[in-house]
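Q: Can you keep this structure in mind? I'll have questions shortly.
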Amino acid sequence: MKKSLLVLMLLASSSAFAAVHFSVGVGVGPAYGYYAAPPPPPPPVAYYPPSPGPGYVWVSGYYNRVGPRYVWRAGYWSRPPYAGAVWVGPRYAGRRYYNGYWRRR
């Protein structure tokens, strides 16, 4: 009897300090917890030099994202990493920045 009374007292005393917790989250903007930098400025007008040799592909200049800002990367001649590779330049779409990459045709 004493044991069940003690257990009942412990349960009653612990529930006396229990509280109901209720919270409401409010998100502002289209993306939560995500910072989208503004789009890069328009590219400057530039002329590329003649090709250094056969098999080279011109990679146009682009703005590269470095932290919260963009840095201009001048165009350059490059050999594709594998046969049939095509350079897809970086782009800014839907408030997101996508890096450039090589892909197959």
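Residues in the structure tokens are numbered from 1 in each chain, the chains being A, B, ... in the order shown, and ligands are numbered from 1 in the order shown.
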List every residue of segment 78-105 of chain A that has an atom at most 9 Å from any atom of segment 62-66 of chain A, giving for each one its closest atom pair and the distance in Å to one decimal, counting only C-alpha atoms, sorted by chain and then by ascending residue number, as CSV.

A:
```
residue,atom,partner,partner_atom,distance
A:Gly89,CA,A:Tyr62,CA,7.4
A:Pro90,CA,A:Tyr62,CA,7.1
A:Arg91,CA,A:Tyr62,CA,8.8
A:Tyr97,CA,A:Arg65,CA,7.8
A:Asn99,CA,A:Asn64,CA,7.9
```

Q: With only C-alpha atoms as the basis for distance, which of A:Val45, A:Val86, A:Met1, A:Val71 is at the shortest distance from Val59 of chain A?

A: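 The closest residue to Val59 of chain A is A:Val86.
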
Q: Might you pull out every residue within 12 Å of Pro49 of chain A, with only C-alpha atoms counted and same-chain residues fewer than 5 positions away left off, and present them as a PyMOL selection string?

A: chain A and resi 57-60+74-77

Q: Mind pulling up the distance from atom CA of Val88 of chain A to atom CA of Gly53 of chain A?

A: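 Atom CA of Gly53 of chain A sits 21.4 Å away from atom CA of Val88 of chain A.
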
Q: Tell me which protein, DNA and RNA residues are within 10 Å of Ala83 of chain A, counting only C-alpha atoms, leaving out same-chain ones fewer than 4 positions away, and put them as a ChimeraX atom specification.

A: /A:55,79,104-105

Q: Using only N, CA and C atoms, please write the residues we just selected to a file, as a PDB file, in the first residue's frame.

A:
```pdb
ATOM      1  N   GLY A  55      41.609  21.376 -81.942  1.00  0.00           N
ATOM      2  CA  GLY A  55      41.093  20.640 -80.788  1.00  0.00           C
ATOM      3  C   GLY A  55      40.757  21.513 -79.588  1.00  0.00           C
ATOM      4  N   ARG A  79      41.029  22.554 -73.894  1.00  0.00           N
ATOM      5  CA  ARG A  79      40.775  21.280 -74.575  1.00  0.00           C
ATOM      6  C   ARG A  79      39.673  20.563 -73.798  1.00  0.00           C
ATOM      7  N   ARG A 104      28.314  15.517 -72.433  1.00  0.00           N
ATOM      8  CA  ARG A 104      28.378  14.865 -73.760  1.00  0.00           C
ATOM      9  C   ARG A 104      27.327  15.473 -74.674  1.00  0.00           C
ATOM     10  N   ARG A 105      27.621  15.452 -75.963  1.00  0.00           N
ATOM     11  CA  ARG A 105      26.641  15.957 -76.944  1.00  0.00           C
ATOM     12  C   ARG A 105      25.431  15.111 -76.999  1.00  0.00           C
TER      13      ARG A 105
END
```

Q: Considering only C-alpha atoms, state which residue in the set A:Trp87, A:Tyr56, A:Tyr92, A:Tyr101 is at the smallest distance from Pro42 of chain A.

A: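 Ranking A:Trp87, A:Tyr56, A:Tyr92, A:Tyr101 by distance to Pro42 of chain A, first place goes to A:Tyr92.
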